[in-house]
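Student: Below is the file query-v1.pdb, with PDB, C-alpha atoms and all ligand atoms.
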ATOM      1  CA  MET A   1      81.593   5.075 114.900  1.00  0.00           C
ATOM      2  CA  LYS A   2      84.691   2.901 114.868  1.00  0.00           C
ATOM      3  CA  THR A   3      85.284   0.903 111.684  1.00  0.00           C
ATOM      4  CA  ARG A   4      85.452  -2.317 113.710  1.00  0.00           C
ATOM      5  CA  LYS A   5      81.988  -1.666 115.119  1.00  0.00           C
ATOM      6  CA  ILE A   6      80.557  -1.018 111.649  1.00  0.00           C
ATOM      7  CA  VAL A   7      82.129  -4.240 110.361  1.00  0.00           C
ATOM      8  CA  LEU A   8      80.756  -6.267 113.300  1.00  0.00           C
ATOM      9  CA  ILE A   9      77.264  -4.775 112.925  1.00  0.00           C
ATOM     10  CA  SER A  10      77.249  -5.558 109.181  1.00  0.00           C
ATOM     11  CA  LEU A  11      78.527  -9.071 109.840  1.00  0.00           C
ATOM     12  CA  CYS A  12      75.837  -9.736 112.446  1.00  0.00           C
ATOM     13  CA  SER A  13      73.068  -8.420 110.159  1.00  0.00           C
ATOM     14  CA  ALA A  14      74.394 -10.704 107.411  1.00  0.00           C
ATOM     15  CA  LEU A  15      74.436 -13.635 109.858  1.00  0.00           C
ATOM     16  CA  MET A  16      70.794 -12.937 110.696  1.00  0.00           C
ATOM     17  CA  PHE A  17      69.967 -13.121 106.998  1.00  0.00           C
ATOM     18  CA  ILE A  18      71.704 -16.519 106.788  1.00  0.00           C
ATOM     19  CA  PHE A  19      70.009 -17.914 109.923  1.00  0.00           C
ATOM     20  CA  SER A  20      66.665 -16.675 108.576  1.00  0.00           C
ATOM     21  CA  GLN A  21      67.069 -18.784 105.464  1.00  0.00           C
ATOM     22  CA  MET A  22      67.670 -21.931 107.503  1.00  0.00           C
ATOM     23  CA  THR A  23      63.972 -22.548 107.366  1.00  0.00           C
ATOM     24  CA  ILE A  24      61.663 -25.534 107.325  1.00  0.00           C
ATOM     25  CA  PRO A  25      58.048 -24.759 106.369  1.00  0.00           C
ATOM     26  CA  LEU A  26      55.618 -26.850 108.413  1.00  0.00           C
ATOM     27  CA  PRO A  27      52.432 -28.154 106.742  1.00  0.00           C
ATOM     28  CA  PHE A  28      50.148 -27.426 109.728  1.00  0.00           C
ATOM     29  CA  THR A  29      51.135 -23.784 110.448  1.00  0.00           C
ATOM     30  CA  ALA A  30      51.997 -20.603 108.541  1.00  0.00           C
ATOM     31  CA  VAL A  31      54.856 -19.962 110.981  1.00  0.00           C
ATOM     32  CA  PRO A  32      58.094 -21.482 109.639  1.00  0.00           C
ATOM     33  CA  LEU A  33      60.633 -23.323 111.748  1.00  0.00           C
ATOM     34  CA  THR A  34      63.823 -21.252 111.536  1.00  0.00           C
ATOM     35  CA  MET A  35      67.220 -20.723 113.141  1.00  0.00           C
ATOM     36  CA  GLN A  36      66.498 -17.053 113.862  1.00  0.00           C
ATOM     37  CA  VAL A  37      66.213 -17.469 117.635  1.00  0.00           C
ATOM     38  CA  PHE A  38      69.583 -19.240 117.656  1.00  0.00           C
ATOM     39  CA  GLY A  39      71.022 -16.379 115.579  1.00  0.00           C
ATOM     40  CA  VAL A  40      69.672 -13.592 117.805  1.00  0.00           C
ATOM     41  CA  ILE A  41      70.853 -15.295 121.016  1.00  0.00           C
ATOM     42  CA  LEU A  42      74.273 -16.139 119.580  1.00  0.00           C
ATOM     43  CA  ILE A  43      74.875 -12.606 118.292  1.00  0.00           C
ATOM     44  CA  SER A  44      73.493 -10.974 121.432  1.00  0.00           C
ATOM     45  CA  SER A  45      75.488 -13.199 123.783  1.00  0.00           C
ATOM     46  CA  LEU A  46      78.692 -12.609 121.840  1.00  0.00           C
ATOM     47  CA  MET A  47      78.522  -8.908 121.064  1.00  0.00           C
ATOM     48  CA  PRO A  48      78.179  -5.978 123.458  1.00  0.00           C
ATOM     49  CA  SER A  49      74.849  -4.174 123.816  1.00  0.00           C
ATOM     50  CA  SER A  50      76.174  -1.351 121.631  1.00  0.00           C
ATOM     51  CA  ILE A  51      76.368  -3.742 118.665  1.00  0.00           C
ATOM     52  CA  SER A  52      73.826  -6.570 118.645  1.00  0.00           C
ATOM     53  CA  PRO A  53      70.563  -4.575 118.941  1.00  0.00           C
ATOM     54  CA  VAL A  54      71.846  -2.215 116.227  1.00  0.00           C
ATOM     55  CA  ALA A  55      72.597  -5.204 113.985  1.00  0.00           C
ATOM     56  CA  ILE A  56      69.101  -6.611 114.569  1.00  0.00           C
ATOM     57  CA  LEU A  57      67.555  -3.181 113.922  1.00  0.00           C
ATOM     58  CA  ILE A  58      69.432  -2.881 110.627  1.00  0.00           C
ATOM     59  CA  TYR A  59      68.332  -6.402 109.672  1.00  0.00           C
ATOM     60  CA  LEU A  60      64.711  -5.406 110.392  1.00  0.00           C
ATOM     61  CA  LEU A  61      65.037  -2.119 108.485  1.00  0.00           C
ATOM     62  CA  LEU A  62      66.539  -3.902 105.462  1.00  0.00           C
ATOM     63  CA  GLY A  63      63.577  -6.262 105.527  1.00  0.00           C
ATOM     64  CA  ALA A  64      61.105  -3.421 106.034  1.00  0.00           C
ATOM     65  CA  ILE A  65      62.317  -1.595 102.914  1.00  0.00           C
ATOM     66  CA  GLY A  66      61.737  -4.736 100.854  1.00  0.00           C
ATOM     67  CA  ILE A  67      65.068  -6.566 100.848  1.00  0.00           C
ATOM     68  CA  PRO A  68      64.185 -10.277 101.182  1.00  0.00           C
ATOM     69  CA  VAL A  69      66.116 -10.948 104.387  1.00  0.00           C
ATOM     70  CA  PHE A  70      63.322 -12.528 106.424  1.00  0.00           C
ATOM     71  CA  ALA A  71      62.508 -16.247 106.517  1.00  0.00           C
ATOM     72  CA  GLY A  72      62.011 -17.830 103.105  1.00  0.00           C
ATOM     73  CA  PHE A  73      63.485 -14.735 101.391  1.00  0.00           C
ATOM     74  CA  SER A  74      60.487 -12.622 102.346  1.00  0.00           C
ATOM     75  CA  GLY A  75      60.614  -8.908 103.052  1.00  0.00           C
ATOM     76  CA  GLY A  76      58.648  -5.688 103.011  1.00  0.00           C
ATOM     77  CA  PHE A  77      56.871  -3.675 105.661  1.00  0.00           C
ATOM     78  CA  THR A  78      53.871  -5.997 105.326  1.00  0.00           C
ATOM     79  CA  ALA A  79      56.030  -8.827 106.700  1.00  0.00           C
ATOM     80  CA  LEU A  80      56.562  -6.805 109.890  1.00  0.00           C
ATOM     81  CA  ILE A  81      52.869  -6.137 110.370  1.00  0.00           C
ATOM     82  CA  GLY A  82      51.816  -9.585 109.092  1.00  0.00           C
ATOM     83  CA  PRO A  83      51.161 -12.813 111.033  1.00  0.00           C
ATOM     84  CA  ASN A  84      54.861 -13.513 111.691  1.00  0.00           C
ATOM     85  CA  GLY A  85      55.941  -9.908 112.232  1.00  0.00           C
ATOM     86  CA  GLY A  86      55.618 -10.052 116.028  1.00  0.00           C
ATOM     87  CA  TYR A  87      58.531 -12.488 116.231  1.00  0.00           C
ATOM     88  CA  LEU A  88      60.643 -10.167 114.083  1.00  0.00           C
ATOM     89  CA  ILE A  89      59.893  -7.119 116.250  1.00  0.00           C
ATOM     90  CA  GLY A  90      60.448  -9.302 119.312  1.00  0.00           C
ATOM     91  CA  PHE A  91      63.974 -10.134 118.061  1.00  0.00           C
ATOM     92  CA  LEU A  92      64.994  -6.526 118.761  1.00  0.00           C
ATOM     93  CA  LEU A  93      63.805  -6.597 122.388  1.00  0.00           C
ATOM     94  CA  MET A  94      65.244 -10.087 122.779  1.00  0.00           C
ATOM     95  CA  SER A  95      68.588  -8.774 121.597  1.00  0.00           C
ATOM     96  CA  ILE A  96      68.512  -5.769 123.967  1.00  0.00           C
ATOM     97  CA  VAL A  97      67.738  -7.928 127.025  1.00  0.00           C
ATOM     98  CA  THR A  98      70.122 -10.756 126.097  1.00  0.00           C
ATOM     99  CA  SER A  99      73.065  -8.515 125.254  1.00  0.00           C
ATOM    100  CA  ILE A 100      72.746  -6.568 128.526  1.00  0.00           C
ATOM    101  CA  THR A 101      72.594  -9.683 130.720  1.00  0.00           C
ATOM    102  CA  ALA A 102      75.300 -11.438 128.651  1.00  0.00           C
ATOM    103  CA  ALA A 103      77.817  -8.928 130.045  1.00  0.00           C
ATOM    104  CA  SER A 104      77.355 -10.419 133.526  1.00  0.00           C
ATOM    105  CA  LYS A 105      79.931 -12.805 134.987  1.00  0.00           C
ATOM    106  CA  ASN A 106      77.098 -14.694 136.678  1.00  0.00           C
ATOM    107  CA  LYS A 107      75.976 -17.617 134.498  1.00  0.00           C
ATOM    108  CA  ILE A 108      72.497 -17.632 136.035  1.00  0.00           C
ATOM    109  CA  VAL A 109      72.015 -13.993 134.984  1.00  0.00           C
ATOM    110  CA  VAL A 110      73.295 -14.768 131.477  1.00  0.00           C
ATOM    111  CA  PHE A 111      70.946 -17.751 130.974  1.00  0.00           C
ATOM    112  CA  THR A 112      67.983 -16.009 132.625  1.00  0.00           C
ATOM    113  CA  GLY A 113      68.435 -12.970 130.350  1.00  0.00           C
ATOM    114  CA  ALA A 114      68.487 -15.166 127.254  1.00  0.00           C
ATOM    115  CA  TYR A 115      65.321 -16.997 128.330  1.00  0.00           C
ATOM    116  CA  VAL A 116      63.552 -13.750 129.259  1.00  0.00           C
ATOM    117  CA  GLY A 117      64.469 -12.528 125.752  1.00  0.00           C
ATOM    118  CA  LEU A 118      63.045 -15.725 124.271  1.00  0.00           C
ATOM    119  CA  ALA A 119      59.821 -15.298 126.280  1.00  0.00           C
ATOM    120  CA  ILE A 120      59.470 -11.692 125.081  1.00  0.00           C
ATOM    121  CA  ASP A 121      59.867 -12.824 121.474  1.00  0.00           C
ATOM    122  CA  TYR A 122      57.161 -15.470 121.879  1.00  0.00           C
ATOM    123  CA  ILE A 123      54.793 -13.034 123.621  1.00  0.00           C
ATOM    124  CA  PHE A 124      55.120 -10.577 120.712  1.00  0.00           C
ATOM    125  CA  GLY A 125      55.031 -13.343 118.109  1.00  0.00           C
ATOM    126  CA  VAL A 126      52.002 -15.236 119.387  1.00  0.00           C
ATOM    127  CA  LEU A 127      49.999 -12.096 120.205  1.00  0.00           C
ATOM    128  CA  GLN A 128      50.557 -10.566 116.757  1.00  0.00           C
ATOM    129  CA  LEU A 129      49.758 -13.914 115.117  1.00  0.00           C
ATOM    130  CA  LYS A 130      46.510 -14.042 117.100  1.00  0.00           C
ATOM    131  CA  ILE A 131      45.537 -10.416 116.390  1.00  0.00           C
ATOM    132  CA  VAL A 132      46.407 -10.392 112.668  1.00  0.00           C
ATOM    133  CA  THR A 133      44.779 -13.734 111.853  1.00  0.00           C
ATOM    134  CA  GLY A 134      41.879 -13.442 114.293  1.00  0.00           C
ATOM    135  CA  MET A 135      42.695 -16.875 115.735  1.00  0.00           C
ATOM    136  CA  THR A 136      41.827 -17.790 119.299  1.00  0.00           C
ATOM    137  CA  LEU A 137      44.718 -17.698 121.752  1.00  0.00           C
ATOM    138  CA  GLY A 138      44.674 -21.494 121.842  1.00  0.00           C
ATOM    139  CA  ALA A 139      44.972 -21.709 118.068  1.00  0.00           C
ATOM    140  CA  ALA A 140      47.768 -19.101 118.037  1.00  0.00           C
ATOM    141  CA  LEU A 141      49.691 -21.078 120.650  1.00  0.00           C
ATOM    142  CA  ALA A 142      49.187 -24.272 118.631  1.00  0.00           C
ATOM    143  CA  ALA A 143      50.420 -22.547 115.466  1.00  0.00           C
ATOM    144  CA  GLY A 144      53.125 -20.307 116.877  1.00  0.00           C
ATOM    145  CA  LEU A 145      54.513 -21.730 120.101  1.00  0.00           C
ATOM    146  CA  TYR A 146      54.027 -25.474 120.652  1.00  0.00           C
ATOM    147  CA  PRO A 147      55.781 -26.618 117.444  1.00  0.00           C
ATOM    148  CA  PHE A 148      58.936 -24.581 118.197  1.00  0.00           C
ATOM    149  CA  ILE A 149      59.365 -23.997 121.902  1.00  0.00           C
ATOM    150  CA  ILE A 150      61.359 -27.142 122.775  1.00  0.00           C
ATOM    151  CA  LYS A 151      63.712 -26.549 119.851  1.00  0.00           C
ATOM    152  CA  ASP A 152      64.140 -22.866 120.805  1.00  0.00           C
ATOM    153  CA  ILE A 153      64.735 -23.622 124.504  1.00  0.00           C
ATOM    154  CA  MET A 154      67.517 -26.014 123.443  1.00  0.00           C
ATOM    155  CA  MET A 155      68.885 -23.655 120.769  1.00  0.00           C
ATOM    156  CA  THR A 156      69.014 -20.812 123.310  1.00  0.00           C
ATOM    157  CA  ALA A 157      71.175 -22.890 125.633  1.00  0.00           C
ATOM    158  CA  VAL A 158      73.406 -24.019 122.755  1.00  0.00           C
ATOM    159  CA  ALA A 159      73.842 -20.414 121.528  1.00  0.00           C
ATOM    160  CA  VAL A 160      74.731 -19.116 125.025  1.00  0.00           C
ATOM    161  CA  ILE A 161      77.284 -21.923 125.510  1.00  0.00           C
ATOM    162  CA  ILE A 162      78.850 -21.442 122.054  1.00  0.00           C
ATOM    163  CA  ALA A 163      79.057 -17.670 122.621  1.00  0.00           C
ATOM    164  CA  ALA A 164      80.767 -18.170 125.995  1.00  0.00           C
ATOM    165  CA  ARG A 165      83.369 -20.495 124.415  1.00  0.00           C
ATOM    166  CA  VAL A 166      83.995 -18.145 121.493  1.00  0.00           C
ATOM    167  CA  LYS A 167      84.334 -15.170 123.874  1.00  0.00           C
ATOM    168  CA  ASN A 168      87.012 -17.051 125.822  1.00  0.00           C
ATOM    169  CA  ARG A 169      89.076 -17.514 122.682  1.00  0.00           C
ATOM    170  CA  ILE A 170      88.756 -14.092 121.063  1.00  0.00           C
ATOM    171  CA  PRO A 171      90.446 -10.999 122.539  1.00  0.00           C
ATOM    172  CA  GLU A 172      87.829  -8.658 124.069  1.00  0.00           C
ATOM    173  CA  ARG A 173      88.852  -5.668 121.951  1.00  0.00           C
ATOM    174  CA  LEU A 174      88.200  -7.603 118.704  1.00  0.00           C
ATOM    175  CA  LEU A 175      84.533  -7.913 119.688  1.00  0.00           C
ATOM    176  CA  CYS A 176      84.502  -4.273 120.936  1.00  0.00           C
ATOM    177  CA  ARG A 177      83.840  -5.540 124.455  1.00  0.00           C
ATOM    178  CA  SER A 178      86.587  -3.474 126.109  1.00  0.00           C
TER     179      SER A 178
HETATM  180  O1  LIG A 201      59.161 -14.295 108.706  1.00  0.00           O
HETATM  181  C1  LIG A 201      60.106 -14.326 109.507  1.00  0.00           C
HETATM  182  O2  LIG A 201      61.287 -14.101 109.169  1.00  0.00           O
HETATM  183  C2  LIG A 201      59.789 -14.618 110.954  1.00  0.00           C
HETATM  184  C3  LIG A 201      59.568 -16.068 111.214  1.00  0.00           C
HETATM  185  C4  LIG A 201      59.433 -16.301 112.704  1.00  0.00           C
HETATM  186  C5  LIG A 201      59.544 -17.752 113.097  1.00  0.00           C
HETATM  187  C6  LIG A 201      59.355 -17.921 114.596  1.00  0.00           C
HETATM  188  S1  LIG A 201      60.754 -17.319 115.526  1.00  0.00           S
HETATM  189  C7  LIG A 201      60.266 -18.169 116.949  1.00  0.00           C
HETATM  190  C8  LIG A 201      59.696 -19.490 116.486  1.00  0.00           C
HETATM  191  N1  LIG A 201      60.741 -20.470 116.312  1.00  0.00           N
HETATM  192  C9  LIG A 201      60.810 -20.915 115.069  1.00  0.00           C
HETATM  193  O3  LIG A 201      61.618 -21.781 114.681  1.00  0.00           O
HETATM  194  N2  LIG A 201      59.901 -20.313 114.305  1.00  0.00           N
HETATM  195  C10 LIG A 201      59.140 -19.341 115.067  1.00  0.00           C
END
Do you think you could lay out the structure here as structure tokens?
Tutor:
Amino acid sequence: MKTRKIVLISLCSALMFIFSQMTIPLPFTAVPLTMQVFGVILISSLMPSSISPVAILIYLLLGAIGIPVFAGFSGGFTALIGPNGGYLIGFLLMSIVTSITAASKNKIVVFTGAYVGLAIDYIFGVLQLKIVTGMTLGAALAAGLYPFIIKDIMMTAVAVIIAARVKNRIPERLLCRS
């Protein structure tokens, strides 16, 4: 693997750690408000599909082995199979979808891919929250979707727009896109 790719993957995993610590715990739900969705969309819209999903996978593996990279400096395999683990696993699929569609020149495809990725993350997140806690679907939606969805819809758009601007300013080969 090229050194530049390894550096970019490490950088993106580190960025995910930073975005994960931008967290606000909410008193009415165990799911924290975080900047992780923004981070996954930004990284996946900026980097090619050979980099961003690998960076997210490494971030997840670091967390799984106990390094406190997840929200609120949590970590461990139990975090992945716990109430909030579905969102984390969903980040990987979100990154795969978003990074593939981000390569398109068609803006509609780029935005649609990012929002499909976001939907996948919420499907995984809410379903795992429901299954692990034994909540009803209504309660899982109230705890894991309604408090965040408006913010994440806006953050997704902001991340796609920022990534497009950054891409225009940075030579393609620096981001391993050529
Ligand atoms: O423990 C973790 O690191 C995962 C936390 C997941 C938080 C989810 S991601 C989607 C939704 N948007 C937020 O701001 N918080 C939840």
Student: Give me the residues within 7 Å of stretch 112-124 of chain A as a count of residues only, counting all atoms listed in the file and dropping any in the same chain fewer than 4 places off.
Tutor: 14
Student: Pick from A:Val109, A:Val166, A:Val40, A:Leu33: nearest to ligand LIG 201 (chain A), with only C-alpha atoms and all ligand atoms counted?
Tutor: A:Leu33
Student: Around ligand LIG 201 (chain A), fit a box with edges along x, y and z, padding it by 8 Å on each side, then list its centre and edge lengths in Å to one decimal as AutoDock Vina command-line options.
Tutor:
--center_x 60.4 --center_y -17.9 --center_z 112.8 --size_x 18.5 --size_y 23.7 --size_z 24.2
Student: Atom CA of A:Leu61 and atom CA of A:Ile131 are how many Å apart?
Tutor: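 Separation of atom CA of A:Leu61 and atom CA of A:Ile131: 22.6 Å.
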Student: Env of stretch 13-21 of chain A: 6 Å cut, atoms = all atoms listed in the file, seq-sep filter 2 positions within chain, self excluded. Answer as a ChimeraX atom specification.
Tutor: /A:10-11,23,35-36,39,55,59,69-72
Student: Give as JSON, numbers by chain the residues that the PyMOL selection byres (((chain A and resi 8) around 12) and not hetatm) matches when applied to the coordinates above.
Tutor: {"A": [1, 2, 3, 4, 5, 6, 7, 9, 10, 11, 12, 13, 14, 15, 43, 44, 46, 47, 48, 50, 51, 52, 53, 54, 55, 56, 173, 174, 175, 176, 177]}
Student: Using atom CA of A:Leu62 and atom CA of A:Ala159 as the two end points, give the distance in Å to one decimal.
Tutor: 24.2 Å
Student: Would you mind completing stretch 60-71 of chain A to all heavy atoms and writing the output as a tab-separated table (two decimals), keeping the file's coordinate frame?
Tutor:
chain	number	residue	atom	x	y	z
A	60	LEU	N	66.16	-5.66	110.50
A	60	LEU	CA	64.71	-5.41	110.39
A	60	LEU	C	64.42	-4.29	109.39
A	60	LEU	O	63.47	-4.37	108.60
A	60	LEU	CB	64.13	-5.03	111.76
A	60	LEU	CG	64.17	-6.11	112.84
A	60	LEU	CD1	63.59	-5.60	114.15
A	60	LEU	CD2	63.41	-7.36	112.40
A	61	LEU	N	65.26	-3.24	109.41
A	61	LEU	CA	65.04	-2.12	108.48
A	61	LEU	C	65.26	-2.56	107.04
A	61	LEU	O	64.51	-2.17	106.13
A	61	LEU	CB	65.96	-0.94	108.84
A	61	LEU	CG	65.62	-0.23	110.16
A	61	LEU	CD1	66.65	0.85	110.48
A	61	LEU	CD2	64.23	0.40	110.10
A	62	LEU	N	66.29	-3.39	106.82
A	62	LEU	CA	66.54	-3.90	105.46
A	62	LEU	C	65.32	-4.68	104.98
A	62	LEU	O	64.87	-4.54	103.84
A	62	LEU	CB	67.79	-4.80	105.44
A	62	LEU	CG	69.13	-4.11	105.65
A	62	LEU	CD1	70.26	-5.13	105.74
A	62	LEU	CD2	69.42	-3.12	104.52
A	63	GLY	N	64.79	-5.51	105.87
A	63	GLY	CA	63.58	-6.26	105.53
A	63	GLY	C	62.39	-5.34	105.28
A	63	GLY	O	61.64	-5.52	104.32
A	64	ALA	N	62.26	-4.32	106.14
A	64	ALA	CA	61.10	-3.42	106.03
A	64	ALA	C	61.10	-2.66	104.70
A	64	ALA	O	60.03	-2.39	104.15
A	64	ALA	CB	61.11	-2.44	107.20
A	65	ILE	N	62.29	-2.35	104.19
A	65	ILE	CA	62.32	-1.60	102.91
A	65	ILE	C	62.21	-2.54	101.71
A	65	ILE	O	62.30	-2.09	100.56
A	65	ILE	CB	63.56	-0.67	102.79
A	65	ILE	CG1	64.87	-1.47	102.81
A	65	ILE	CG2	63.55	0.41	103.85
A	65	ILE	CD1	66.09	-0.64	102.43
A	66	GLY	N	62.05	-3.82	101.95
A	66	GLY	CA	61.74	-4.74	100.85
A	66	GLY	C	62.84	-5.69	100.46
A	66	GLY	O	62.68	-6.50	99.55
A	67	ILE	N	63.99	-5.61	101.16
A	67	ILE	CA	65.07	-6.57	100.85
A	67	ILE	C	64.67	-7.92	101.47
A	67	ILE	O	64.26	-7.96	102.64
A	67	ILE	CB	66.42	-6.05	101.37
A	67	ILE	CG1	66.71	-4.71	100.67
A	67	ILE	CG2	67.55	-7.04	101.11
A	67	ILE	CD1	67.92	-3.97	101.15
A	68	PRO	N	64.74	-8.99	100.69
A	68	PRO	CA	64.18	-10.28	101.18
A	68	PRO	C	65.08	-10.99	102.19
A	68	PRO	O	65.63	-12.05	101.92
A	68	PRO	CB	64.02	-11.09	99.90
A	68	PRO	CG	65.02	-10.53	98.96
A	68	PRO	CD	65.23	-9.08	99.31
A	69	VAL	N	65.22	-10.38	103.37
A	69	VAL	CA	66.12	-10.95	104.39
A	69	VAL	C	65.38	-11.81	105.41
A	69	VAL	O	66.00	-12.50	106.21
A	69	VAL	CB	66.88	-9.83	105.14
A	69	VAL	CG1	67.85	-9.12	104.23
A	69	VAL	CG2	65.93	-8.83	105.79
A	70	PHE	N	64.05	-11.76	105.42
A	70	PHE	CA	63.32	-12.53	106.42
A	70	PHE	C	63.19	-13.99	105.96
A	70	PHE	O	63.62	-14.35	104.87
A	70	PHE	CB	61.94	-11.90	106.67
A	70	PHE	CG	61.98	-10.48	107.20
A	70	PHE	CD1	60.99	-9.56	106.87
A	70	PHE	CD2	63.02	-10.06	108.03
A	70	PHE	CE1	61.04	-8.25	107.36
A	70	PHE	CE2	63.08	-8.75	108.51
A	70	PHE	CZ	62.08	-7.85	108.17
A	71	ALA	N	62.59	-14.81	106.80
A	71	ALA	CA	62.51	-16.25	106.52
A	71	ALA	C	61.92	-16.50	105.13
A	71	ALA	O	60.96	-15.82	104.72
A	71	ALA	CB	61.65	-16.92	107.58
